[in-house]
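Printed here is coords13.cif (mmCIF, C-alpha atoms and all ligand atoms):
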data_work
loop_
_atom_site.label_atom_id
_atom_site.label_comp_id
_atom_site.auth_asym_id
_atom_site.auth_seq_id
_atom_site.Cartn_x
_atom_site.Cartn_y
_atom_site.Cartn_z
CA MET A 132 -5.48 83.73 175.10
CA TYR A 133 -6.31 82.80 171.52
CA LYS A 134 -6.52 85.59 168.97
CA VAL A 135 -9.29 85.56 166.39
CA TYR A 136 -8.90 86.46 162.72
CA GLY A 137 -11.21 85.84 159.79
CA ILE A 138 -12.60 86.74 156.41
CA VAL A 139 -15.74 88.81 155.78
CA GLY A 140 -17.52 88.49 152.46
CA TYR A 141 -20.74 87.19 150.97
CA PRO A 142 -20.62 84.35 150.27
CA VAL A 143 -17.48 82.99 151.96
CA SER A 144 -18.35 79.33 152.39
CA HIS A 145 -15.77 78.29 149.77
CA SER A 146 -13.03 80.72 150.79
CA LEU A 147 -9.55 79.17 150.80
CA SER A 148 -8.14 81.75 153.21
CA PRO A 149 -8.97 79.76 156.41
CA VAL A 150 -6.95 76.84 155.03
CA MET A 151 -3.74 78.81 154.57
CA HIS A 152 -3.94 81.03 157.65
CA ASN A 153 -4.93 78.27 160.10
CA LEU A 154 -2.14 76.10 158.74
CA ALA A 155 0.36 78.92 159.28
CA PHE A 156 -0.86 79.51 162.86
CA ARG A 157 -0.55 75.78 163.64
CA GLU A 158 2.88 75.41 162.05
CA LEU A 159 4.27 78.41 163.92
CA GLY A 160 2.63 77.48 167.23
CA ILE A 161 0.74 80.78 167.31
CA LYS A 162 -2.38 80.72 169.49
CA ALA A 163 -4.86 82.04 166.94
CA VAL A 164 -7.77 80.86 164.82
CA TYR A 165 -9.11 82.15 161.49
CA GLY A 166 -12.79 81.84 160.63
CA ALA A 167 -15.08 82.63 157.72
CA PHE A 168 -17.83 85.17 158.42
CA PRO A 169 -20.61 85.45 155.83
CA VAL A 170 -21.83 89.04 156.13
CA LYS A 171 -24.65 90.37 153.98
CA PRO A 172 -24.04 93.88 152.57
CA GLU A 173 -26.76 95.37 154.78
CA ASN A 174 -24.98 93.98 157.88
CA LEU A 175 -21.47 95.23 157.15
CA SER A 176 -21.51 98.14 159.62
CA LEU A 177 -22.81 95.81 162.35
CA ALA A 178 -20.09 93.32 161.55
CA ILE A 179 -17.37 95.95 161.85
CA ALA A 180 -18.87 97.12 165.15
CA GLY A 181 -18.68 93.46 166.18
CA VAL A 182 -15.00 93.35 165.29
CA ARG A 183 -14.39 96.25 167.66
CA ALA A 184 -16.62 94.85 170.43
CA LEU A 185 -15.17 91.34 170.27
CA GLY A 186 -11.58 92.46 169.80
CA ILE A 187 -11.08 90.46 166.59
CA SER A 188 -7.40 90.95 165.72
CA GLY A 189 -7.58 91.14 161.96
CA LEU A 190 -9.76 90.51 158.93
CA SER A 191 -9.46 89.66 155.28
CA VAL A 192 -12.15 91.41 153.23
CA THR A 193 -13.60 89.99 150.04
CA ILE A 194 -16.47 90.46 147.56
CA PRO A 195 -18.69 92.48 147.93
CA HIS A 196 -17.24 94.53 150.83
CA LYS A 197 -13.81 95.74 149.68
CA VAL A 198 -14.94 99.27 148.78
CA GLU A 199 -17.82 99.76 151.22
CA VAL A 200 -15.80 98.69 154.27
CA MET A 201 -13.46 101.68 153.91
CA LYS A 202 -15.97 104.07 155.44
CA TYR A 203 -16.20 102.07 158.69
CA LEU A 204 -12.46 102.06 159.44
CA ASP A 205 -10.43 104.50 161.57
CA GLU A 206 -7.62 104.74 159.03
CA VAL A 207 -7.04 103.61 155.46
CA ASP A 208 -3.50 103.75 154.08
CA TYR A 209 -2.50 105.51 150.87
CA VAL A 210 -2.17 102.23 148.92
CA ALA A 211 -5.74 101.15 149.67
CA LYS A 212 -6.91 104.69 148.89
CA GLU A 213 -5.09 104.69 145.56
CA ILE A 214 -6.46 101.25 144.66
CA GLY A 215 -9.87 102.20 146.01
CA ALA A 216 -10.36 98.98 147.96
CA VAL A 217 -9.37 97.38 151.29
CA ASN A 218 -8.68 93.64 151.54
CA THR A 219 -6.93 93.64 154.93
CA ILE A 220 -7.95 95.06 158.32
CA ILE A 221 -5.61 95.17 161.30
CA ASN A 222 -6.95 95.89 164.78
CA TYR A 223 -4.40 98.02 166.63
CA ASP A 224 -5.72 98.26 170.19
CA GLY A 225 -9.24 98.99 169.05
CA LYS A 226 -8.32 101.19 166.07
CA LEU A 227 -9.14 99.55 162.75
CA PHE A 228 -6.58 100.11 160.01
CA GLY A 229 -7.26 99.16 156.39
CA THR A 230 -4.78 98.34 153.66
CA ASN A 231 -4.57 96.29 150.46
CA THR A 232 -2.28 93.31 149.82
CA ASP A 233 -3.91 92.05 146.59
CA TRP A 234 -1.53 94.13 144.47
CA ILE A 235 1.47 92.61 146.26
CA GLY A 236 0.00 89.19 145.44
CA VAL A 237 0.06 90.17 141.77
CA ILE A 238 3.64 91.48 141.83
CA LYS A 239 4.94 88.39 143.67
CA SER A 240 3.14 86.08 141.22
CA PHE A 241 5.04 87.65 138.32
CA GLU A 242 8.30 87.60 140.28
CA GLU A 243 7.84 83.89 141.01
CA ALA A 244 7.31 83.24 137.29
CA GLY A 245 10.53 85.17 136.56
CA ILE A 246 8.74 87.80 134.48
CA ASP A 247 10.24 91.28 134.28
CA LEU A 248 7.31 93.64 133.78
CA THR A 249 9.43 96.62 132.73
CA GLY A 250 8.49 97.98 129.33
CA LYS A 251 5.70 95.47 128.72
CA ARG A 252 2.30 96.15 127.13
CA VAL A 253 -0.35 94.70 129.45
CA VAL A 254 -3.98 93.96 128.61
CA VAL A 255 -6.32 93.61 131.60
CA LEU A 256 -9.81 92.14 131.18
CA GLY A 257 -12.39 93.33 133.73
CA ALA A 258 -12.93 96.45 135.85
CA GLY A 259 -14.04 95.08 139.24
CA GLY A 260 -12.18 94.79 142.56
CA ALA A 261 -9.52 92.37 141.28
CA SER A 262 -8.85 94.57 138.28
CA LEU A 263 -8.17 97.63 140.47
CA ALA A 264 -5.38 95.85 142.37
CA ILE A 265 -3.97 94.30 139.19
CA VAL A 266 -3.90 97.59 137.28
CA TYR A 267 -2.28 99.30 140.30
CA ALA A 268 0.39 96.58 140.45
CA MET A 269 1.11 96.96 136.74
CA VAL A 270 1.29 100.76 136.86
CA LYS A 271 3.71 100.56 139.83
CA SER A 272 5.91 98.00 138.03
CA GLY A 273 7.12 100.20 135.23
CA VAL A 274 5.17 98.60 132.39
CA LYS A 275 5.08 100.51 129.11
CA GLU A 276 1.30 100.57 128.75
CA VAL A 277 -1.79 99.10 130.41
CA VAL A 278 -5.06 98.81 128.53
CA ILE A 279 -8.33 97.63 130.00
CA TYR A 280 -11.35 96.00 128.38
CA ASN A 281 -14.61 95.59 130.26
CA ARG A 282 -18.07 94.37 129.35
CA THR A 283 -19.53 97.53 130.89
CA TYR A 284 -17.48 100.17 129.09
CA GLU A 285 -18.29 102.94 131.59
CA LYS A 286 -16.56 100.97 134.37
CA ALA A 287 -13.49 100.46 132.18
CA ARG A 288 -13.37 104.22 131.62
CA GLU A 289 -13.62 104.91 135.36
CA VAL A 290 -10.69 102.57 136.12
CA ALA A 291 -8.73 103.98 133.18
CA SER A 292 -9.15 107.58 134.28
CA ARG A 293 -8.26 106.68 137.88
CA PHE A 294 -4.92 105.13 136.83
CA GLY A 295 -4.18 107.10 133.67
CA ILE A 296 -4.47 104.10 131.34
CA LEU A 297 -6.51 103.33 128.21
CA ALA A 298 -10.02 101.83 128.15
CA TYR A 299 -11.44 99.82 125.28
CA LYS A 300 -14.86 98.36 124.57
CA TRP A 301 -15.42 94.65 125.13
CA GLU A 302 -16.65 94.46 121.51
CA ASP A 303 -13.14 95.49 120.39
CA LEU A 304 -11.43 92.57 122.14
CA SER A 305 -10.83 90.85 118.81
CA THR A 306 -8.04 93.37 118.11
CA ALA A 307 -6.36 93.05 121.53
CA TYR A 308 -2.59 92.46 121.51
CA GLY A 309 0.38 92.87 123.83
CA ASP A 310 2.98 91.06 125.94
CA ILE A 311 0.90 90.13 128.97
CA LEU A 312 -2.79 89.21 129.18
CA ILE A 313 -4.51 89.20 132.57
CA ASN A 314 -8.05 88.03 133.21
CA ALA A 315 -9.67 89.96 136.07
CA THR A 316 -13.24 89.06 135.11
CA SER A 317 -15.10 86.21 136.76
CA VAL A 318 -15.39 84.41 133.40
CA GLY A 319 -14.06 80.88 133.87
CA LEU A 320 -14.97 80.69 137.57
CA LYS A 321 -16.45 77.23 138.22
CA SER A 322 -16.90 76.78 134.46
CA PHE A 323 -14.93 75.99 131.32
CA ASP A 324 -15.40 79.36 129.64
CA SER A 325 -12.66 81.66 128.43
CA PRO A 326 -13.10 85.44 128.06
CA VAL A 327 -11.06 85.36 124.82
CA SER A 328 -10.37 82.99 121.94
CA LYS A 329 -7.21 80.96 121.40
CA GLU A 330 -6.31 83.25 118.53
CA ILE A 331 -6.24 86.28 120.84
CA VAL A 332 -4.28 84.32 123.47
CA SER A 333 -1.67 83.52 120.80
CA ARG A 334 -0.74 87.25 120.56
CA PHE A 335 0.67 87.34 124.13
CA SER A 336 3.74 85.81 125.79
CA VAL A 337 2.39 85.56 129.34
CA VAL A 338 -1.17 84.86 130.46
CA MET A 339 -2.38 85.29 134.04
CA ASP A 340 -5.81 84.42 135.38
CA SER A 341 -7.09 85.82 138.67
CA VAL A 342 -9.73 83.08 138.71
CA TYR A 343 -8.44 80.04 140.67
CA LEU A 344 -11.32 77.56 140.58
CA PRO A 345 -10.41 75.56 138.58
CA VAL A 346 -6.68 76.23 138.99
CA GLU A 347 -6.13 75.72 135.30
CA THR A 348 -8.94 77.71 133.78
CA LYS A 349 -10.00 77.41 130.17
CA LEU A 350 -8.01 80.58 129.42
CA LEU A 351 -4.85 79.09 130.96
CA SER A 352 -5.34 75.79 129.16
CA LEU A 353 -5.60 77.68 125.83
CA ALA A 354 -2.40 79.52 126.76
CA ARG A 355 -0.68 76.25 127.66
CA GLU A 356 -1.64 74.80 124.27
CA GLU A 357 0.00 77.85 122.69
CA ASN A 358 3.17 77.32 124.80
CA LYS A 359 2.72 80.59 126.69
CA ILE A 360 3.96 81.24 130.23
CA ILE A 361 0.96 80.83 132.51
CA ILE A 362 0.31 82.21 135.99
CA ASP A 363 -2.68 80.84 137.88
CA GLY A 364 -4.85 82.78 140.32
CA LEU A 365 -3.83 80.73 143.37
CA LYS A 366 -0.47 82.48 143.36
CA MET A 367 -2.09 85.89 143.78
CA LEU A 368 -4.25 84.46 146.56
CA LEU A 369 -1.25 82.88 148.27
CA TYR A 370 0.99 85.93 148.19
CA GLN A 371 -1.69 88.41 149.25
CA GLY A 372 -2.37 86.07 152.18
CA VAL A 373 1.31 85.80 153.06
CA GLU A 374 1.51 89.59 153.24
CA GLN A 375 -1.63 89.75 155.38
CA PHE A 376 -0.17 87.21 157.77
CA ARG A 377 3.02 89.26 158.10
CA LEU A 378 1.03 92.41 158.81
CA TRP A 379 -1.07 90.68 161.48
CA THR A 380 1.69 88.76 163.28
CA GLY A 381 5.00 90.33 162.25
CA ILE A 382 6.18 86.80 161.35
CA ASN A 383 6.93 85.21 157.95
CA PRO A 384 4.50 82.32 157.43
CA PRO A 385 5.59 78.92 156.00
CA LEU A 386 5.14 79.77 152.31
CA ASP A 387 5.62 76.32 150.77
CA LYS A 388 3.32 74.60 153.24
CA MET A 389 0.65 77.24 152.67
CA ARG A 390 1.00 76.77 148.93
CA ASP A 391 0.68 72.96 149.20
CA ALA A 392 -2.39 73.31 151.41
CA LEU A 393 -4.04 75.72 148.95
CA TYR A 394 -3.42 73.52 145.91
CA GLN A 395 -4.64 70.41 147.75
CA GLU A 396 -7.80 72.20 148.88
CA VAL A 397 -8.57 73.53 145.44
CA LEU A 398 -8.18 70.05 143.96
CA LYS A 399 -10.86 68.86 146.38
CA MET A 400 -13.08 71.77 145.36
CA GLU A 401 -12.56 71.00 141.67
CA ALA A 402 -13.82 67.47 142.38
CA GLU A 403 -16.74 68.83 144.39
CA PHE A 404 -17.77 71.15 141.56
CA GLY A 405 -17.11 68.60 138.78
CA LEU A 406 -14.23 70.68 137.43
CA ARG A 407 -11.48 68.05 137.34
CA LYS A 408 -9.58 67.94 134.05
CA THR A 409 -10.62 64.34 133.45
CA ASP A 410 -14.26 65.50 133.60
CA LYS A 411 -13.76 68.06 130.82
CA THR A 412 -15.96 67.56 127.83
CA SER A 413 -14.54 70.35 125.67
P1 LIG B 501 -16.28 91.93 140.55
O1 LIG B 501 -15.87 93.17 141.25
O2 LIG B 501 -17.65 91.39 140.73
O3 LIG B 501 -16.00 92.15 138.97
C1 LIG B 501 -16.35 91.16 138.05
C2 LIG B 501 -15.79 91.53 136.68
O4 LIG B 501 -16.08 90.45 135.77
C3 LIG B 501 -16.43 92.80 136.08
O5 LIG B 501 -15.46 93.48 135.34
C4 LIG B 501 -17.50 92.19 135.18
O6 LIG B 501 -17.88 93.03 134.12
C5 LIG B 501 -16.78 90.99 134.64
N1 LIG B 501 -17.67 89.96 134.12
C6 LIG B 501 -18.52 89.17 134.83
N2 LIG B 501 -19.16 88.32 133.99
C7 LIG B 501 -18.72 88.60 132.74
C8 LIG B 501 -19.01 88.07 131.46
N3 LIG B 501 -19.89 87.06 131.31
N4 LIG B 501 -18.37 88.55 130.40
C9 LIG B 501 -17.45 89.57 130.54
N5 LIG B 501 -17.14 90.11 131.73
C10 LIG B 501 -17.76 89.64 132.83
O7 LIG B 501 -15.30 90.72 140.96
P2 LIG B 501 -13.75 90.79 141.34
O8 LIG B 501 -13.60 90.96 142.79
O9 LIG B 501 -13.10 91.77 140.45
O10 LIG B 501 -13.30 89.31 140.98
C11 LIG B 501 -13.14 88.88 139.65
C12 LIG B 501 -12.54 87.48 139.67
O11 LIG B 501 -11.24 87.53 140.26
C13 LIG B 501 -13.36 86.50 140.50
O12 LIG B 501 -13.42 85.27 139.82
C14 LIG B 501 -12.56 86.34 141.77
O13 LIG B 501 -12.68 85.05 142.33
C15 LIG B 501 -11.15 86.57 141.28
N6 LIG B 501 -10.28 87.11 142.33
C16 LIG B 501 -9.13 86.45 142.59
C17 LIG B 501 -8.26 86.93 143.53
C18 LIG B 501 -7.00 86.16 143.79
O14 LIG B 501 -6.35 86.41 144.80
N7 LIG B 501 -6.61 85.27 142.89
C19 LIG B 501 -8.55 88.10 144.23
C20 LIG B 501 -9.73 88.77 143.94
C21 LIG B 501 -10.60 88.25 142.99
P3 LIG B 501 -19.05 94.14 134.31
O15 LIG B 501 -18.37 95.33 134.92
O16 LIG B 501 -19.55 94.39 132.94
O17 LIG B 501 -20.09 93.53 135.21
#

This structure in structure tokens:
Amino acid sequence: MYKVYGIVGYPVSHSLSPVMHNLAFRELGIKAVYGAFPVKPENLSLAIAGVRALGISGLSVTIPHKVEVMKYLDEVDYVAKEIGAVNTIINYDGKLFGTNTDWIGVIKSFEEAGIDLTGKRVVVLGAGGASLAIVYAMVKSGVKEVVIYNRTYEKAREVASRFGILAYKWEDLSTAYGDILINATSVGLKSFDSPVSKEIVSRFSVVMDSVYLPVETKLLSLAREENKIIIDGLKMLLYQGVEQFRLWTGINPPLDKMRDALYQEVLKMEAEFGLRKTDKTS
């Protein structure tokens, strides 16, 4: 019998998760399929009831459901509780268990780039779902200090008090400095905008973007021009997916093949959205 997995979010039509998980199932000869389920916020409880009724084996959870979904699950682990968001659901014989692998995606991305986070000063831009997992990953990695800037200052303060870090106003970004700069806002998604200027980028050694469409965002291209180490958002997506796959199946998925499939798919999407580098006007 085939098992069914999938992603719930709204919208999910451009999700890259089906590409990597279906490839891994095929490569490993596992009888399973992974679909994309667009679920409006008002239908989330029905969707989770559907997961139970249909016996869906596992789900990825994305915007806007990562926080709300927690109340419909039988158990949420301490990591997801500390982060305040669930991105992975595992169906254990009808009991739905929630956890979070986004933060592991962040840690593995830095490991792959050979960056030791110990003792670093980290600036995080944004205070939404991605920011929560990123800040958690940084705090757990022994960094010296994490500071957060967000357009809505109140949200920055909420995240800061949750993790015991510092919050700054978006208007004060011009004075930002540190070792590592991470964009966790949606600025740069399907556009050529950067949340900060090249001059600010120049004050950091490593720049990571959680946005992955385009793969090389405007922020990362500014960092490349300044000869900084850059980490694109597809790595976080890949590694959080790898961890999900392990949790669902108990098997290590084919990492390099998943990575190739993701990068190929995103290149197609860049063309579809007119985001190819050759199309850049600025
Ligand atoms: P979210 O919860 O909706 O948060 C969006 C964040 O962006 C908020 O902090 C928001 O500030 C800020 N923002 C939006 N427009 C802005 C603007 N024009 N100027 C300044 N700040 C702005 O979304 P999310 O889940 O955190 O996702 C953020 C990005 O990360 C998305 O592009 C998403 O695709 C990406 N992401 C990537 C991964 C991955 O695996 N690579 C995983 C999750 C998310 P306010 O609070 O002021 O609204």

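Closest approach to ligand LIG 501 (chain B) among A:Ile362, A:Val270, A:Ala163, A:Ala258: A:Ala258, based on all atoms listed in the file.
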
Name the residues, by chain letter and number, that sit within 7 Å of ligand LIG 501 (chain B) using only C-alpha atoms and all ligand atoms, and give them as a CSV table (one decimal) with C-alpha atoms, keeping the file's coordinate frame.
chain,number,residue,atom,x,y,z
A,194,ILE,CA,-16.5,90.5,147.6
A,233,ASP,CA,-3.9,92.0,146.6
A,236,GLY,CA,0.0,89.2,145.4
A,257,GLY,CA,-12.4,93.3,133.7
A,258,ALA,CA,-12.9,96.4,135.8
A,259,GLY,CA,-14.0,95.1,139.2
A,260,GLY,CA,-12.2,94.8,142.6
A,261,ALA,CA,-9.5,92.4,141.3
A,262,SER,CA,-8.8,94.6,138.3
A,281,ASN,CA,-14.6,95.6,130.3
A,282,ARG,CA,-18.1,94.4,129.4
A,283,THR,CA,-19.5,97.5,130.9
A,286,LYS,CA,-16.6,101.0,134.4
A,315,ALA,CA,-9.7,90.0,136.1
A,316,THR,CA,-13.2,89.1,135.1
A,317,SER,CA,-15.1,86.2,136.8
A,318,VAL,CA,-15.4,84.4,133.4
A,320,LEU,CA,-15.0,80.7,137.6
A,326,PRO,CA,-13.1,85.4,128.1
A,341,SER,CA,-7.1,85.8,138.7
A,342,VAL,CA,-9.7,83.1,138.7
A,343,TYR,CA,-8.4,80.0,140.7
A,364,GLY,CA,-4.8,82.8,140.3
A,365,LEU,CA,-3.8,80.7,143.4
A,366,LYS,CA,-0.5,82.5,143.4
A,367,MET,CA,-2.1,85.9,143.8
A,368,LEU,CA,-4.2,84.5,146.6
A,371,GLN,CA,-1.7,88.4,149.2

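Residue neighbourhood of range 305-307 of chain A, excluding near-sequence residues (fewer than 5 positions): Val254, Tyr280, Val327, Ser328, Glu330, Ile331 and Arg334 of chain A, at 9 Å, using all atoms listed in the file.
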
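Summary of the local environment: counting all atoms listed in the file, residues at most 8 Å from Tyr141 in chain A, other than itself and those fewer than 3 positions away along its chain, are Pro169, Val170, Lys171, Pro172, Thr193, Ile194 and Pro195 of chain A.
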
Save the residues we just selected, C-alpha atoms, as a PDB file, in the coordinates of the input?
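Printed below is out.pdb as written:
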ATOM      1  CA  PRO A 169     -20.610  85.450 155.830  1.00  0.00           C
ATOM      2  CA  VAL A 170     -21.830  89.040 156.130  1.00  0.00           C
ATOM      3  CA  LYS A 171     -24.650  90.370 153.980  1.00  0.00           C
ATOM      4  CA  PRO A 172     -24.040  93.880 152.570  1.00  0.00           C
ATOM      5  CA  THR A 193     -13.600  89.990 150.040  1.00  0.00           C
ATOM      6  CA  ILE A 194     -16.470  90.460 147.560  1.00  0.00           C
ATOM      7  CA  PRO A 195     -18.690  92.480 147.930  1.00  0.00           C
TER       8      PRO A 195
END

Practice task
Give as an NGL selection string every residue, naming chains and numbers as the document does, that has an atom within 12 Å of (-9.0, 73.0, 142.7), counting all atoms listed in the file.
Solution key: :A and (145-147 or 320-321 or 342-348 or 363-365 or 391-408)

What lies within 9 Å of Tyr203 in chain A using all atoms listed in the file, ignoring chain neighbours under 5 positions off, as a PDB file with C-alpha atoms, in the frame of the given file?
ATOM      1  CA  LEU A 175     -21.470  95.230 157.150  1.00  0.00           C
ATOM      2  CA  SER A 176     -21.510  98.140 159.620  1.00  0.00           C
ATOM      3  CA  ILE A 179     -17.370  95.950 161.850  1.00  0.00           C
ATOM      4  CA  ALA A 180     -18.870  97.120 165.150  1.00  0.00           C
ATOM      5  CA  LEU A 227      -9.140  99.550 162.750  1.00  0.00           C
TER       6      LEU A 227
END

Exercise for the section: Choose the residue, out of A:Ile265, A:Met389, A:Ile221, A:Ile138, that has the smallest atom-to-atom separation from Asp340 in chain A; count all atoms listed in the file. Expected result: A:Ile265

Using 3 Å of padding on each side, determine the axis-aligned box around all atoms of range 358-363 of chain A present in the file and give its centre and edge lengths in Å to one decimal, as JSON.
{"center_x": 0.6, "center_y": 79.8, "center_z": 131.3, "size_x": 12.6, "size_y": 10.9, "size_z": 19.1}

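The gap separating CA of Glu242 in chain A from CA of Leu350 in chain A is 20.8 Å, in Å to one decimal.
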
Problem - Surrounding residues of Arg252 in chain A excluding itself and chain neighbours under 2 positions, 8 Å, only C-alpha atoms, as a VMD selection string - result: chain A and resid 250 254 274 to 278 309 to 311

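Of the residues under consideration (A:Val207, A:Ile214, A:Ala178, A:Leu353), A:Ile214 shows the shortest atom-to-atom contact distance to Arg293 in chain A when counting only C-alpha atoms.
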
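Minimum atom-to-atom distances from A:His196, A:Leu263, A:Lys329, A:Ala244 to Ser292 in chain A were compared using all atoms listed in the file, and the lowest value belongs to A:Leu263.
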
Fewer than 3 positions away in the same chain doesn't count, so skip those; otherwise give me all residues within 12 Å of Ile161 in chain A, counting all atoms listed in the file, as a CSV table (one decimal) with C-alpha atoms, keeping the file's coordinate frame.
chain,number,residue,atom,x,y,z
A,132,MET,CA,-5.5,83.7,175.1
A,133,TYR,CA,-6.3,82.8,171.5
A,134,LYS,CA,-6.5,85.6,169.0
A,135,VAL,CA,-9.3,85.6,166.4
A,152,HIS,CA,-3.9,81.0,157.6
A,153,ASN,CA,-4.9,78.3,160.1
A,154,LEU,CA,-2.1,76.1,158.7
A,155,ALA,CA,0.4,78.9,159.3
A,156,PHE,CA,-0.9,79.5,162.9
A,157,ARG,CA,-0.6,75.8,163.6
A,158,GLU,CA,2.9,75.4,162.0
A,164,VAL,CA,-7.8,80.9,164.8
A,165,TYR,CA,-9.1,82.2,161.5
A,376,PHE,CA,-0.2,87.2,157.8
A,379,TRP,CA,-1.1,90.7,161.5
A,380,THR,CA,1.7,88.8,163.3
A,381,GLY,CA,5.0,90.3,162.2
A,382,ILE,CA,6.2,86.8,161.4
A,384,PRO,CA,4.5,82.3,157.4

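When CA of Ala268 in chain A is paired with CA of Lys202 in chain A, their separation reads 23.4 Å.
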
Problem - Interatomic distance (Å, one decimal) between CA of Phe228 in chain A and CA of Asn383 in chain A - result: 20.2 Å

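Minimum distance to Val266 in chain A across A:Ser336, A:Thr230, A:Asn314, A:Ser191 (counting all atoms listed in the file) occurs at A:Asn314.
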
Problem - Which residue of A:Glu357, A:Asp208, A:Glu302, A:Glu173 approaches Val338 in chain A most closely, using only C-alpha atoms - result: A:Glu357
